[in-house]
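This is my_file.cif (mmCIF, C-alpha atoms).
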data_coords
loop_
_atom_site.group_PDB
_atom_site.id
_atom_site.type_symbol
_atom_site.label_atom_id
_atom_site.label_comp_id
_atom_site.auth_asym_id
_atom_site.auth_seq_id
_atom_site.Cartn_x
_atom_site.Cartn_y
_atom_site.Cartn_z
ATOM 1 C CA MET O 387 0.000 0.000 0.000
ATOM 2 C CA SER O 388 1.152 3.566 -0.477
ATOM 3 C CA ARG O 389 0.379 6.749 1.345
ATOM 4 C CA PHE O 390 0.755 10.160 -0.203
ATOM 5 C CA GLY O 391 0.608 13.003 2.234
ATOM 6 C CA ARG O 392 1.414 16.651 2.077
ATOM 7 C CA ARG O 393 1.696 17.983 5.576
ATOM 8 C CA ARG O 394 0.069 21.355 6.016
ATOM 9 C CA HIS O 395 -0.883 23.264 9.115
ATOM 10 C CA HIS O 396 -2.835 26.433 9.489
ATOM 11 C CA ARG O 397 -0.826 29.564 9.830
ATOM 12 C CA HIS O 398 -0.443 31.130 13.239
ATOM 13 C CA ASN O 399 -0.995 34.857 13.226
ATOM 14 C CA ALA O 400 0.749 35.957 16.412
ATOM 15 C CA PRO O 401 -0.901 38.561 18.629
ATOM 16 C CA ARG O 402 0.884 41.831 19.038
ATOM 17 C CA ARG O 403 3.456 41.463 21.756
ATOM 18 C CA ARG O 404 3.538 43.869 24.653
ATOM 19 C CA ARG O 405 6.515 46.162 24.245
ATOM 20 C CA ARG O 406 9.161 46.012 26.939
ATOM 21 C CA TYR O 407 10.972 49.139 27.946
ATOM 22 C CA ARG O 408 14.269 49.276 29.763
ATOM 23 C CA GLY O 409 14.938 52.483 31.583
ATOM 24 C CA SER O 410 16.302 54.053 34.711
ATOM 25 C CA SER O 411 16.326 57.222 36.669
ATOM 26 C CA GLY O 412 19.090 58.448 38.873
ATOM 27 C CA GLY O 413 20.792 61.422 40.319
ATOM 28 C CA GLY O 414 20.467 63.516 43.386
ATOM 29 C CA SER O 415 21.837 66.424 45.319
ATOM 30 C CA GLY O 416 24.137 66.546 48.303
ATOM 31 C CA TYR O 417 25.528 68.992 50.802
ATOM 32 C CA GLY O 418 28.919 70.590 51.067
ATOM 33 C CA PHE O 419 31.552 69.098 48.775
ATOM 34 C CA LEU O 420 29.055 66.430 47.533
ATOM 35 C CA ALA O 421 26.789 69.005 45.885
ATOM 36 C CA TRP O 422 28.970 69.413 42.810
ATOM 37 C CA LEU O 423 29.066 65.639 42.340
ATOM 38 C CA GLY O 424 25.345 65.484 41.521
ATOM 39 C CA PRO O 425 25.694 65.948 37.737
ATOM 40 C CA LEU O 426 28.685 63.587 37.600
ATOM 41 C CA VAL O 427 26.785 60.873 39.483
ATOM 42 C CA THR O 428 23.856 61.255 37.102
ATOM 43 C CA VAL O 429 26.135 60.911 34.068
ATOM 44 C CA ALA O 430 27.922 57.913 35.586
ATOM 45 C CA LEU O 431 24.651 56.145 36.371
ATOM 46 C CA PHE O 432 23.345 56.805 32.869
ATOM 47 C CA ALA O 433 26.530 55.406 31.338
ATOM 48 C CA ALA O 434 26.405 52.313 33.550
ATOM 49 C CA VAL O 435 22.786 51.593 32.642
ATOM 50 C CA PHE O 436 23.530 52.110 28.932
ATOM 51 C CA LEU O 437 26.434 49.667 29.037
ATOM 52 C CA ALA O 438 24.391 47.103 30.969
ATOM 53 C CA SER O 439 21.558 47.395 28.458
ATOM 54 C CA ALA O 440 23.993 46.937 25.567
ATOM 55 C CA GLY O 441 25.332 43.813 27.235
ATOM 56 C CA GLN O 442 21.838 42.361 27.533
ATOM 57 C CA ASN O 443 21.296 42.966 23.828
ATOM 58 C CA GLY O 444 24.369 41.215 22.511
ATOM 59 C CA GLY O 445 26.413 44.416 22.585
ATOM 60 C CA LEU O 446 24.051 46.195 20.182
ATOM 61 C CA ALA O 447 22.002 49.311 20.767
ATOM 62 C CA CYS O 448 18.243 49.067 20.315
ATOM 63 C CA VAL O 449 17.405 48.867 16.622
ATOM 64 C CA GLU O 450 14.471 48.888 14.245
ATOM 65 C CA PRO O 451 13.186 45.387 13.320
ATOM 66 C CA GLY O 452 14.649 45.347 9.815
ATOM 67 C CA ALA O 453 18.118 46.271 11.070
ATOM 68 C CA ARG O 454 18.589 42.874 12.710
ATOM 69 C CA ASP O 455 20.680 40.150 11.101
ATOM 70 C CA ALA O 456 18.209 37.641 9.671
ATOM 71 C CA SER O 457 20.842 34.887 9.603
ATOM 72 C CA ASP O 458 21.321 35.203 13.370
ATOM 73 C CA ILE O 459 17.590 34.791 13.977
ATOM 74 C CA GLU O 460 17.506 31.783 11.628
ATOM 75 C CA HIS O 461 20.381 30.190 13.528
ATOM 76 C CA TYR O 462 18.664 30.639 16.887
ATOM 77 C CA ILE O 463 15.295 29.381 15.608
ATOM 78 C CA HIS O 464 17.001 26.178 14.488
ATOM 79 C CA GLN O 465 18.773 25.901 17.842
ATOM 80 C CA TYR O 466 15.648 26.466 19.945
ATOM 81 C CA THR O 467 13.582 24.140 17.746
ATOM 82 C CA ASN O 468 16.084 21.358 18.353
ATOM 83 C CA GLU O 469 16.129 22.105 22.072
ATOM 84 C CA GLN O 470 12.387 21.429 22.155
ATOM 85 C CA ARG O 471 12.810 18.163 20.274
ATOM 86 C CA VAL O 472 15.576 16.958 22.563
ATOM 87 C CA LEU O 473 13.468 17.843 25.619
ATOM 88 C CA GLY O 474 10.748 15.665 24.099
ATOM 89 C CA GLY O 475 13.116 12.746 23.621
ATOM 90 C CA LEU O 476 13.492 13.210 19.851
ATOM 91 C CA GLU O 477 16.565 13.497 17.658
ATOM 92 C CA PRO O 478 17.550 17.026 16.582
ATOM 93 C CA LEU O 479 16.823 18.089 13.021
ATOM 94 C CA ARG O 480 19.709 18.354 10.562
ATOM 95 C CA HIS O 481 20.352 21.735 8.993
ATOM 96 C CA VAL O 482 19.876 21.570 5.207
ATOM 97 C CA THR O 483 20.888 24.621 3.179
ATOM 98 C CA ALA O 484 18.638 23.700 0.252
ATOM 99 C CA ILE O 485 15.603 23.745 2.591
ATOM 100 C CA ASP O 486 16.819 27.040 4.073
ATOM 101 C CA ASP O 487 16.639 28.493 0.577
ATOM 102 C CA ILE O 488 13.038 27.299 0.110
ATOM 103 C CA ALA O 489 11.990 28.753 3.478
ATOM 104 C CA LYS O 490 13.853 32.013 2.863
ATOM 105 C CA ALA O 491 12.273 32.470 -0.551
ATOM 106 C CA HIS O 492 8.781 32.073 0.917
ATOM 107 C CA SER O 493 9.402 34.532 3.755
ATOM 108 C CA GLU O 494 10.811 37.063 1.297
ATOM 109 C CA ASP O 495 7.865 36.567 -1.054
ATOM 110 C CA MET O 496 5.319 37.070 1.747
ATOM 111 C CA ALA O 497 7.151 40.212 2.886
ATOM 112 C CA ALA O 498 7.460 41.631 -0.629
ATOM 113 C CA ARG O 499 3.888 40.903 -1.733
ATOM 114 C CA ASP O 500 2.202 41.504 1.625
ATOM 115 C CA TYR O 501 0.426 38.197 2.231
ATOM 116 C CA PHE O 502 0.549 35.537 4.935
ATOM 117 C CA SER O 503 -0.265 32.022 3.810
ATOM 118 C CA HIS O 504 1.189 28.602 3.050
ATOM 119 C CA TYR O 505 0.021 29.244 -0.513
ATOM 120 C CA THR O 506 1.529 31.842 -2.818
ATOM 121 C CA PRO O 507 -0.874 34.081 -4.752
ATOM 122 C CA GLU O 508 -0.338 31.631 -7.625
ATOM 123 C CA GLY O 509 -1.543 28.738 -5.457
ATOM 124 C CA LEU O 510 1.799 27.003 -4.783
ATOM 125 C CA ASP O 511 2.094 25.305 -1.385
ATOM 126 C CA GLN O 512 5.360 24.399 0.342
ATOM 127 C CA THR O 513 5.806 21.105 -1.501
ATOM 128 C CA ALA O 514 5.184 22.688 -4.901
ATOM 129 C CA ARG O 515 7.582 25.509 -4.056
ATOM 130 C CA GLY O 516 10.190 22.963 -2.982
ATOM 131 C CA GLU O 517 9.802 20.945 -6.159
ATOM 132 C CA ARG O 518 10.087 24.088 -8.257
ATOM 133 C CA ALA O 519 13.379 24.773 -6.472
ATOM 134 C CA GLY O 520 14.556 21.230 -7.261
ATOM 135 C CA TYR O 521 14.056 19.738 -3.816
ATOM 136 C CA GLY O 522 11.612 16.894 -3.259
ATOM 137 C CA CYS O 523 10.923 15.243 0.074
ATOM 138 C CA THR O 524 9.947 11.590 -0.375
ATOM 139 C CA LYS O 525 10.449 8.940 2.301
ATOM 140 C CA ASN O 526 9.941 5.229 1.767
ATOM 141 C CA TYR O 527 8.933 3.256 4.854
ATOM 142 C CA GLY O 528 8.599 -0.085 3.085
ATOM 143 C CA THR O 529 4.841 -0.548 3.310
ATOM 144 C CA TYR O 530 4.099 3.086 2.504
ATOM 145 C CA TYR O 531 5.788 6.304 1.567
ATOM 146 C CA THR O 532 5.263 9.993 2.255
ATOM 147 C CA HIS O 533 5.884 12.918 -0.039
ATOM 148 C CA GLY O 534 5.909 16.605 0.770
ATOM 149 C CA LEU O 535 7.445 19.249 3.008
ATOM 150 C CA GLY O 536 5.976 20.327 6.334
ATOM 151 C CA GLU O 537 5.792 24.034 7.085
ATOM 152 C CA ASN O 538 5.336 26.508 9.919
ATOM 153 C CA ILE O 539 5.011 30.220 9.221
ATOM 154 C CA PHE O 540 4.894 33.167 11.587
ATOM 155 C CA GLN O 541 4.344 36.902 11.227
ATOM 156 C CA TYR O 542 5.755 39.001 14.037
ATOM 157 C CA ASN O 543 4.421 42.557 14.319
ATOM 158 C CA GLY O 544 5.682 45.122 16.772
ATOM 159 C CA ILE O 545 9.027 43.552 17.662
ATOM 160 C CA PRO O 546 10.444 45.299 20.748
ATOM 161 C CA ARG O 547 13.377 47.446 19.597
ATOM 162 C CA CYS O 548 15.608 46.282 22.430
ATOM 163 C CA ASP O 549 15.136 42.542 21.868
ATOM 164 C CA ASN O 550 18.170 40.859 20.368
ATOM 165 C CA SER O 551 18.155 38.083 17.756
ATOM 166 C CA SER O 552 18.032 35.378 20.404
ATOM 167 C CA ASP O 553 14.984 36.994 22.062
ATOM 168 C CA VAL O 554 13.133 37.232 18.747
ATOM 169 C CA ALA O 555 13.908 33.611 17.839
ATOM 170 C CA ARG O 556 12.947 32.271 21.249
ATOM 171 C CA TYR O 557 9.613 34.091 21.163
ATOM 172 C CA THR O 558 8.903 32.772 17.655
ATOM 173 C CA VAL O 559 9.576 29.146 18.621
ATOM 174 C CA SER O 560 7.579 29.591 21.834
ATOM 175 C CA GLU O 561 4.550 30.770 19.850
ATOM 176 C CA TRP O 562 4.802 27.764 17.542
ATOM 177 C CA MET O 563 5.111 25.403 20.505
ATOM 178 C CA HIS O 564 1.898 26.821 22.000
ATOM 179 C CA SER O 565 -0.042 26.058 18.814
ATOM 180 C CA PRO O 566 -1.022 22.368 18.418
ATOM 181 C CA GLY O 567 -0.542 22.232 14.642
ATOM 182 C CA HIS O 568 2.839 23.943 14.653
ATOM 183 C CA ARG O 569 4.023 21.973 17.662
ATOM 184 C CA ALA O 570 3.079 18.769 15.832
ATOM 185 C CA ASN O 571 5.405 19.710 12.989
ATOM 186 C CA ILE O 572 8.287 20.524 15.338
ATOM 187 C CA MET O 573 7.816 17.293 17.301
ATOM 188 C CA ASP O 574 7.084 15.006 14.326
ATOM 189 C CA LEU O 575 9.176 11.838 14.644
ATOM 190 C CA ALA O 576 9.216 11.388 10.854
ATOM 191 C CA TYR O 577 11.079 14.625 10.200
ATOM 192 C CA ASP O 578 14.862 14.713 10.350
ATOM 193 C CA GLU O 579 15.721 17.827 8.297
ATOM 194 C CA LEU O 580 14.951 21.514 8.774
ATOM 195 C CA GLY O 581 15.346 24.784 6.923
ATOM 196 C CA VAL O 582 14.572 28.254 8.283
ATOM 197 C CA GLY O 583 14.086 31.562 6.488
ATOM 198 C CA ILE O 584 13.555 35.083 7.854
ATOM 199 C CA ALA O 585 12.572 38.272 6.022
ATOM 200 C CA PHE O 586 11.506 41.791 7.006
ATOM 201 C CA ASP O 587 8.957 43.834 5.076
ATOM 202 C CA GLY O 588 10.244 47.335 5.821
ATOM 203 C CA ARG O 589 7.003 48.124 7.653
ATOM 204 C CA GLY O 590 8.013 46.708 11.034
ATOM 205 C CA SER O 591 6.984 43.081 10.502
ATOM 206 C CA MET O 592 9.079 39.924 10.384
ATOM 207 C CA TYR O 593 8.115 36.806 8.438
ATOM 208 C CA ALA O 594 9.486 33.437 9.536
ATOM 209 C CA THR O 595 9.202 30.125 7.690
ATOM 210 C CA GLN O 596 10.239 26.650 8.811
ATOM 211 C CA ASN O 597 10.237 23.791 6.310
ATOM 212 C CA PHE O 598 10.578 20.190 7.457
ATOM 213 C CA CYS O 599 11.497 17.001 5.623
#

Would you give me this structure, written as structure tokens?
Amino acid sequence: MSRFGRRRHHRHNAPRRRRRYRGSSGGGSGYGFLAWLGPLVTVALFAAVFLASAGQNGGLACVEPGARDASDIEHYIHQYTNEQRVLGGLEPLRHVTAIDDIAKAHSEDMAARDYFSHYTPEGLDQTARGERAGYGCTKNYGTYYTHGLGENIFQYNGIPRCDNSSDVARYTVSEWMHSPGHRANIMDLAYDELGVGIAFDGRGSMYATQNFC
């Protein structure tokens, strides 16, 4: 017998995340010889808080969403996805550059043409897009076989400016893990390969795609 299955799951349109602000206030006045130290103390405290904040953000100042390095976010999404699998007693997913390219192309297409779907405006799903790129995903289990890529997509609006790449990736994977369909893809025993693609639309939104084989 044979089984032909294209794995699809509904998209997960993430709710707007509450913005986090990091700030501080400091300074004061003294008496006698301490009075003139007030401005210096204020400056010193401001500098210390700035340096501490930079350290928490990977050494980078707060930036607009599109100024982040997409490859860093992709790396962390792969890492945190595998952490979830290992916690669940599963093998980690191998990184496959060819699948990265498929995922990246879909994220960039969604960002450029302002849509959010597993299907392109032309009606191509993840498996059709993969085949068009020259990558098929067929697995033979002896008594049956499967064909087709799995896919998770995510649109992140309102990314906090002071979140670093690791923060953004961890939040993305967390949202997928809290959605039954997306979690099922991440924790699917049949998958052993993963590609991740990130794109920004220039309007403050990030598009993330995971493709599984």

_Coordinates-based distance that separates atom CA of O:Gly581 from atom CA of O:Ala489 (Å, one decimal)_ =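 Pair atom CA of O:Ala489 / atom CA of O:Gly581 returns 6.2 Å.
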
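Proximity to stretch 518-526 of chain O at 8 Å, evaluated using all atoms listed in the file and with sequence-adjacent residues fewer than 5 positions away removed, yields Ala484, Ile485, Ile488, Thr513, Tyr531, Thr532, His533, Gly534, Leu535 and Cys599 of chain O.
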
*For this file, the PyMOL selection byres ((chain O and resi 564-575) around 8) selects which residues, as a list of chain:residue names?*
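Answer for the PyMOL selection byres ((chain O and resi 564-575) around 8): O:His395, O:His396, O:His398, O:Thr467, O:Gln470, O:Arg471, O:Gly474, O:Leu476, O:Gly536, O:Glu537, O:Asn538, O:Ser560, O:Glu561, O:Trp562, O:Met563, O:Ala576, O:Tyr577, O:Asp578, O:Phe598.
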
*asked:* Please compute the atom CA of O:Asn543-atom CA of O:Phe586 distance, one decimal, in Å.
replied: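 Atom-to-atom, atom CA of O:Asn543 and atom CA of O:Phe586 are spaced 10.2 Å apart.
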
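Atom CA of O:Ala594 is positioned 19.2 Å from atom CA of O:Cys548.
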
*asked:* Using all atoms listed in the file for the distances, tell me which of O:Cys448, O:Leu580, O:Thr595, O:Glu494 is nearest to O:His481.
replied: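 Between O:Cys448, O:Leu580, O:Thr595, O:Glu494, the residue approaching O:His481 most closely is O:Leu580.
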
*Rank O:Gln596, O:His464, O:Ala497, O:Asp458 by their smallest atom-to-atom distance to O:Pro478, using only C-alpha atoms, and report the top residue only.*
O:His464

*Might you spell out which residues the PyMOL selection byres ((chain O and resi 456) around 10) would select in the displayed file, as a list in words?*
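Those residues are Pro451, Gly452, Ala453, Arg454, Asp455, Ser457, Asp458, Ile459, Glu460, His461, Lys490, Ser551, Gly583, Ile584, Ala585, Phe586, Met592 and Ala594 of chain O.
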